[in-house]
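Trainee: Next comes the structure file entry.cif, holding mmCIF, N, CA and C atoms.
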```cif
data_data
loop_
_atom_site.label_atom_id
_atom_site.label_comp_id
_atom_site.auth_asym_id
_atom_site.auth_seq_id
_atom_site.Cartn_x
_atom_site.Cartn_y
_atom_site.Cartn_z
N MET U 642 33.73 -120.96 68.90
CA MET U 642 34.05 -121.31 70.25
C MET U 642 32.82 -121.01 71.10
N VAL U 643 32.56 -121.87 72.07
CA VAL U 643 31.45 -121.66 72.98
C VAL U 643 32.02 -121.51 74.38
N PHE U 644 31.65 -120.45 75.06
CA PHE U 644 32.07 -120.25 76.44
C PHE U 644 30.87 -119.88 77.28
N ASP U 645 30.67 -120.63 78.33
CA ASP U 645 29.56 -120.39 79.26
C ASP U 645 28.23 -120.33 78.52
N GLY U 646 28.09 -121.21 77.52
CA GLY U 646 26.84 -121.30 76.77
C GLY U 646 26.66 -120.25 75.68
N ILE U 647 27.66 -119.38 75.49
CA ILE U 647 27.57 -118.32 74.48
C ILE U 647 28.50 -118.67 73.33
N SER U 648 27.97 -118.69 72.12
CA SER U 648 28.76 -118.99 70.94
C SER U 648 29.52 -117.74 70.52
N LEU U 649 30.85 -117.83 70.48
CA LEU U 649 31.70 -116.71 70.10
C LEU U 649 32.34 -117.00 68.75
N GLN U 650 32.43 -115.99 67.89
CA GLN U 650 33.07 -116.12 66.59
C GLN U 650 34.37 -115.33 66.60
N HIS U 651 35.47 -115.95 66.15
CA HIS U 651 36.77 -115.29 66.14
C HIS U 651 36.81 -114.22 65.06
N THR U 652 37.35 -113.08 65.41
CA THR U 652 37.62 -112.00 64.46
C THR U 652 39.08 -111.64 64.59
N GLY U 653 39.57 -110.74 63.80
CA GLY U 653 40.96 -110.34 63.90
C GLY U 653 41.32 -109.68 65.21
N ASN U 654 40.33 -109.04 65.86
CA ASN U 654 40.61 -108.28 67.08
C ASN U 654 40.11 -108.95 68.35
N GLY U 655 39.53 -110.11 68.23
CA GLY U 655 39.00 -110.79 69.42
C GLY U 655 37.90 -111.74 69.00
N TYR U 656 36.86 -111.79 69.77
CA TYR U 656 35.72 -112.66 69.49
C TYR U 656 34.44 -111.84 69.54
N THR U 657 33.50 -112.18 68.67
CA THR U 657 32.22 -111.49 68.71
C THR U 657 31.18 -112.40 69.32
N ALA U 658 30.26 -111.78 70.05
CA ALA U 658 29.14 -112.48 70.66
C ALA U 658 27.86 -111.91 70.08
N PRO U 659 26.79 -112.70 70.10
CA PRO U 659 25.51 -112.18 69.59
C PRO U 659 25.08 -110.93 70.36
N PRO U 660 24.27 -110.06 69.73
CA PRO U 660 23.86 -108.80 70.36
C PRO U 660 23.12 -108.97 71.68
N CYS U 661 22.50 -110.12 71.89
CA CYS U 661 21.71 -110.32 73.10
C CYS U 661 22.57 -110.56 74.33
N CYS U 662 23.85 -110.79 74.14
CA CYS U 662 24.71 -111.22 75.24
C CYS U 662 25.44 -110.05 75.89
N SER U 663 25.72 -110.21 77.15
CA SER U 663 26.50 -109.24 77.89
C SER U 663 27.72 -109.96 78.44
N LEU U 664 28.91 -109.54 78.01
CA LEU U 664 30.13 -110.16 78.44
C LEU U 664 31.06 -109.11 79.04
N LYS U 665 31.77 -109.49 80.10
CA LYS U 665 32.78 -108.60 80.66
C LYS U 665 33.91 -108.43 79.67
N ASN U 666 34.63 -107.34 79.78
CA ASN U 666 35.78 -107.05 78.93
C ASN U 666 35.39 -107.02 77.45
N SER U 667 34.23 -106.44 77.17
CA SER U 667 33.79 -106.37 75.78
C SER U 667 33.33 -104.96 75.48
N GLU U 668 33.21 -104.68 74.21
CA GLU U 668 32.67 -103.39 73.79
C GLU U 668 31.77 -103.64 72.58
N ARG U 669 30.78 -102.78 72.40
CA ARG U 669 29.83 -102.96 71.32
C ARG U 669 30.37 -102.30 70.05
N HIS U 670 30.28 -103.08 68.96
CA HIS U 670 30.63 -102.57 67.63
C HIS U 670 29.44 -102.86 66.74
N GLY U 671 28.65 -101.86 66.43
CA GLY U 671 27.43 -102.08 65.65
C GLY U 671 26.47 -102.95 66.44
N THR U 672 26.04 -104.03 65.85
CA THR U 672 25.09 -104.92 66.54
C THR U 672 25.80 -106.04 67.29
N ASN U 673 27.12 -106.13 67.16
CA ASN U 673 27.87 -107.19 67.85
C ASN U 673 28.68 -106.63 69.00
N MET U 674 29.01 -107.52 69.92
CA MET U 674 29.96 -107.18 70.97
C MET U 674 31.28 -107.82 70.61
N VAL U 675 32.36 -107.11 70.79
CA VAL U 675 33.68 -107.67 70.56
C VAL U 675 34.36 -107.84 71.90
N VAL U 676 34.76 -109.08 72.18
CA VAL U 676 35.48 -109.36 73.41
C VAL U 676 36.95 -109.09 73.13
N LYS U 677 37.53 -108.20 73.91
CA LYS U 677 38.92 -107.80 73.68
C LYS U 677 39.86 -108.96 73.98
N LYS U 678 40.95 -109.03 73.22
CA LYS U 678 41.98 -110.02 73.48
C LYS U 678 42.73 -109.61 74.74
N LEU U 679 43.05 -110.60 75.55
CA LEU U 679 43.82 -110.36 76.76
C LEU U 679 45.17 -111.04 76.63
N SER U 680 46.17 -110.49 77.29
CA SER U 680 47.47 -111.17 77.32
C SER U 680 47.37 -112.35 78.27
N VAL U 681 48.31 -113.26 78.15
CA VAL U 681 48.33 -114.42 79.05
C VAL U 681 48.44 -113.96 80.50
N ARG U 682 49.24 -112.95 80.74
CA ARG U 682 49.37 -112.42 82.12
C ARG U 682 48.05 -111.89 82.65
N GLU U 683 47.29 -111.20 81.79
CA GLU U 683 45.98 -110.68 82.22
C GLU U 683 45.02 -111.83 82.51
N ILE U 684 45.08 -112.85 81.68
CA ILE U 684 44.23 -114.02 81.90
C ILE U 684 44.61 -114.71 83.21
N GLU U 685 45.91 -114.91 83.42
CA GLU U 685 46.37 -115.56 84.66
C GLU U 685 45.95 -114.76 85.89
N ALA U 686 46.10 -113.45 85.81
CA ALA U 686 45.72 -112.60 86.93
C ALA U 686 44.22 -112.69 87.20
N SER U 687 43.44 -112.73 86.13
CA SER U 687 41.99 -112.85 86.29
C SER U 687 41.61 -114.19 86.91
N ILE U 688 42.29 -115.24 86.47
CA ILE U 688 41.99 -116.58 87.00
C ILE U 688 42.23 -116.65 88.50
N THR U 689 43.28 -115.98 88.97
CA THR U 689 43.57 -116.04 90.41
C THR U 689 42.49 -115.36 91.24
N GLN U 690 41.66 -114.54 90.60
CA GLN U 690 40.59 -113.84 91.31
C GLN U 690 39.25 -114.60 91.28
N LEU U 691 39.20 -115.71 90.56
CA LEU U 691 37.94 -116.44 90.42
C LEU U 691 37.57 -117.17 91.70
N PRO U 692 36.28 -117.20 92.03
CA PRO U 692 35.83 -118.05 93.11
C PRO U 692 36.02 -119.52 92.70
N VAL U 693 36.13 -120.40 93.65
CA VAL U 693 36.40 -121.81 93.38
C VAL U 693 35.39 -122.41 92.41
N ARG U 694 34.12 -122.07 92.57
CA ARG U 694 33.08 -122.61 91.68
C ARG U 694 33.33 -122.22 90.23
N ASP U 695 33.68 -120.96 89.99
CA ASP U 695 33.96 -120.51 88.62
C ASP U 695 35.26 -121.12 88.10
N LEU U 696 36.26 -121.25 88.97
CA LEU U 696 37.52 -121.87 88.57
C LEU U 696 37.28 -123.32 88.15
N THR U 697 36.44 -124.02 88.87
CA THR U 697 36.10 -125.40 88.52
C THR U 697 35.44 -125.46 87.14
N LYS U 698 34.52 -124.54 86.87
CA LYS U 698 33.87 -124.48 85.56
C LYS U 698 34.90 -124.20 84.46
N LEU U 699 35.82 -123.29 84.72
CA LEU U 699 36.84 -122.94 83.74
C LEU U 699 37.75 -124.13 83.46
N VAL U 700 38.18 -124.82 84.51
CA VAL U 700 39.05 -125.98 84.33
C VAL U 700 38.34 -127.04 83.49
N ARG U 701 37.08 -127.29 83.78
CA ARG U 701 36.30 -128.26 83.02
C ARG U 701 36.21 -127.84 81.54
N TRP U 702 35.95 -126.56 81.32
CA TRP U 702 35.86 -126.05 79.96
C TRP U 702 37.21 -126.20 79.24
N LEU U 703 38.31 -125.86 79.92
CA LEU U 703 39.63 -125.97 79.30
C LEU U 703 39.97 -127.42 78.97
N GLU U 704 39.60 -128.34 79.85
CA GLU U 704 39.83 -129.76 79.58
C GLU U 704 39.05 -130.20 78.35
N ASP U 705 37.79 -129.80 78.26
CA ASP U 705 36.97 -130.14 77.09
C ASP U 705 37.54 -129.52 75.82
N TYR U 706 37.95 -128.28 75.91
CA TYR U 706 38.51 -127.58 74.75
C TYR U 706 39.80 -128.25 74.29
N GLN U 707 40.67 -128.59 75.24
CA GLN U 707 41.92 -129.26 74.90
C GLN U 707 41.64 -130.61 74.24
N ALA U 708 40.65 -131.35 74.73
CA ALA U 708 40.29 -132.63 74.13
C ALA U 708 39.79 -132.43 72.69
N GLN U 709 39.02 -131.37 72.46
CA GLN U 709 38.54 -131.08 71.10
C GLN U 709 39.72 -130.78 70.16
N LEU U 710 40.68 -130.01 70.66
CA LEU U 710 41.86 -129.70 69.84
C LEU U 710 42.65 -130.96 69.53
N TRP U 711 42.79 -131.84 70.53
CA TRP U 711 43.52 -133.09 70.35
C TRP U 711 42.81 -133.95 69.30
N ASP U 712 41.50 -134.09 69.42
CA ASP U 712 40.72 -134.88 68.46
C ASP U 712 40.88 -134.33 67.05
N LYS U 713 40.83 -133.00 66.92
CA LYS U 713 40.98 -132.37 65.61
C LYS U 713 42.37 -132.66 65.04
N GLN U 714 43.40 -132.59 65.87
CA GLN U 714 44.76 -132.85 65.41
C GLN U 714 44.91 -134.30 64.94
N ILE U 715 44.35 -135.24 65.70
CA ILE U 715 44.41 -136.65 65.32
C ILE U 715 43.71 -136.86 63.97
N GLU U 716 42.52 -136.27 63.82
CA GLU U 716 41.78 -136.39 62.55
C GLU U 716 42.60 -135.83 61.38
N GLU U 717 43.21 -134.66 61.59
CA GLU U 717 44.02 -134.05 60.53
C GLU U 717 45.23 -134.92 60.19
N ASP U 718 45.87 -135.49 61.23
CA ASP U 718 47.02 -136.35 61.00
C ASP U 718 46.62 -137.63 60.26
N LEU U 719 45.46 -138.20 60.62
CA LEU U 719 44.97 -139.39 59.92
C LEU U 719 44.68 -139.08 58.45
N GLU U 720 43.98 -137.98 58.20
CA GLU U 720 43.63 -137.60 56.83
C GLU U 720 44.86 -137.30 55.99
N ALA U 721 45.90 -136.75 56.61
CA ALA U 721 47.12 -136.39 55.89
C ALA U 721 48.07 -137.58 55.74
N GLY U 722 47.73 -138.71 56.37
CA GLY U 722 48.58 -139.90 56.26
C GLY U 722 49.77 -139.92 57.18
N ARG U 723 49.85 -138.98 58.12
CA ARG U 723 51.00 -138.91 59.02
C ARG U 723 51.05 -140.07 60.01
N LEU U 724 49.95 -140.81 60.15
CA LEU U 724 49.94 -141.93 61.09
C LEU U 724 49.95 -143.28 60.38
N ASP U 725 50.05 -143.27 59.06
CA ASP U 725 49.99 -144.51 58.29
C ASP U 725 51.08 -145.50 58.70
N THR U 726 52.32 -145.04 58.85
CA THR U 726 53.43 -145.92 59.21
C THR U 726 53.19 -146.53 60.59
N LEU U 727 52.79 -145.72 61.52
CA LEU U 727 52.52 -146.21 62.88
C LEU U 727 51.37 -147.22 62.89
N LEU U 728 50.30 -146.93 62.17
CA LEU U 728 49.15 -147.84 62.13
C LEU U 728 49.51 -149.16 61.44
N ALA U 729 50.36 -149.11 60.43
CA ALA U 729 50.81 -150.34 59.76
C ALA U 729 51.64 -151.19 60.72
N GLU U 730 52.46 -150.53 61.52
CA GLU U 730 53.26 -151.25 62.52
C GLU U 730 52.36 -151.91 63.56
N VAL U 731 51.35 -151.21 64.00
CA VAL U 731 50.40 -151.77 64.97
C VAL U 731 49.70 -152.98 64.37
N ASP U 732 49.27 -152.88 63.12
CA ASP U 732 48.62 -154.00 62.45
C ASP U 732 49.54 -155.21 62.39
N ARG U 733 50.82 -155.01 62.02
CA ARG U 733 51.78 -156.12 61.94
C ARG U 733 51.96 -156.78 63.30
N GLU U 734 52.09 -155.96 64.35
CA GLU U 734 52.27 -156.52 65.69
C GLU U 734 51.04 -157.30 66.14
N TYR U 735 49.85 -156.79 65.79
CA TYR U 735 48.61 -157.49 66.15
C TYR U 735 48.54 -158.83 65.42
N GLN U 736 48.82 -158.81 64.12
CA GLN U 736 48.75 -160.04 63.32
C GLN U 736 49.80 -161.06 63.78
N ALA U 737 50.91 -160.58 64.33
CA ALA U 737 51.97 -161.48 64.83
C ALA U 737 51.66 -161.98 66.23
N GLY U 738 50.53 -161.56 66.79
CA GLY U 738 50.14 -162.02 68.12
C GLY U 738 50.89 -161.33 69.25
N LEU U 739 51.43 -160.16 68.98
CA LEU U 739 52.21 -159.44 69.97
C LEU U 739 51.39 -158.48 70.83
N SER U 740 50.10 -158.41 70.57
CA SER U 740 49.24 -157.50 71.34
C SER U 740 48.68 -158.21 72.56
N GLN U 741 48.28 -157.43 73.53
CA GLN U 741 47.67 -157.96 74.75
C GLN U 741 46.35 -157.24 74.99
N PRO U 742 45.36 -157.95 75.55
CA PRO U 742 44.10 -157.28 75.88
C PRO U 742 44.33 -156.18 76.91
N LEU U 743 43.56 -155.13 76.80
CA LEU U 743 43.67 -154.03 77.76
C LEU U 743 43.04 -154.37 79.08
#
```
What does this structure look like when you write it as structure tokens?

Mentor:
Amino acid sequence: MVFDGISLQHTGNGYTAPPCCSLKNSERHGTNMVVKKLSVREIEASITQLPVRDLTKLVRWLEDYQAQLWDKQIEEDLEAGRLDTLLAEVDREYQAGLSQPL
């Protein structure tokens, strides 16, 4: 995961950041920093304290992240064949002339 230009790696207890980085709500473990997991309530409370500029950055990041998750889910569904029936139906409707240009 990348947040604010910093690549974070998921661990069992949170996320680790490279040693060169300084992140709030983190503690150093050896040469890495571990960002502590927050509850949804803690995250929501923190978000309400953000300046508008930072909130805008966060919203943009969340939208991008959600789009990445959606793309990954579609790819997994395609690879697993979960969309085969739907795609076959779309093909039949197209071949029958039932489609319209967008």

Trainee: If I take atom CA of U:Val700 and atom CA of U:Gln714, how far is one from the other in Å, to one decimal?

Mentor: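 Interatomic distance, atom CA of U:Val700 to atom CA of U:Gln714: 20.9 Å.
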
Trainee: In Å to one decimal, how far is atom CA of U:Ile715 from atom C of U:Leu727?

Mentor: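 Going from atom C of U:Leu727 over to atom CA of U:Ile715 covers 12.9 Å.
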
Trainee: Work out how far apart atom CA of U:Ile684 and atom CA of U:Trp702 are and give it in Å to one decimal.

Mentor: 14.8 Å
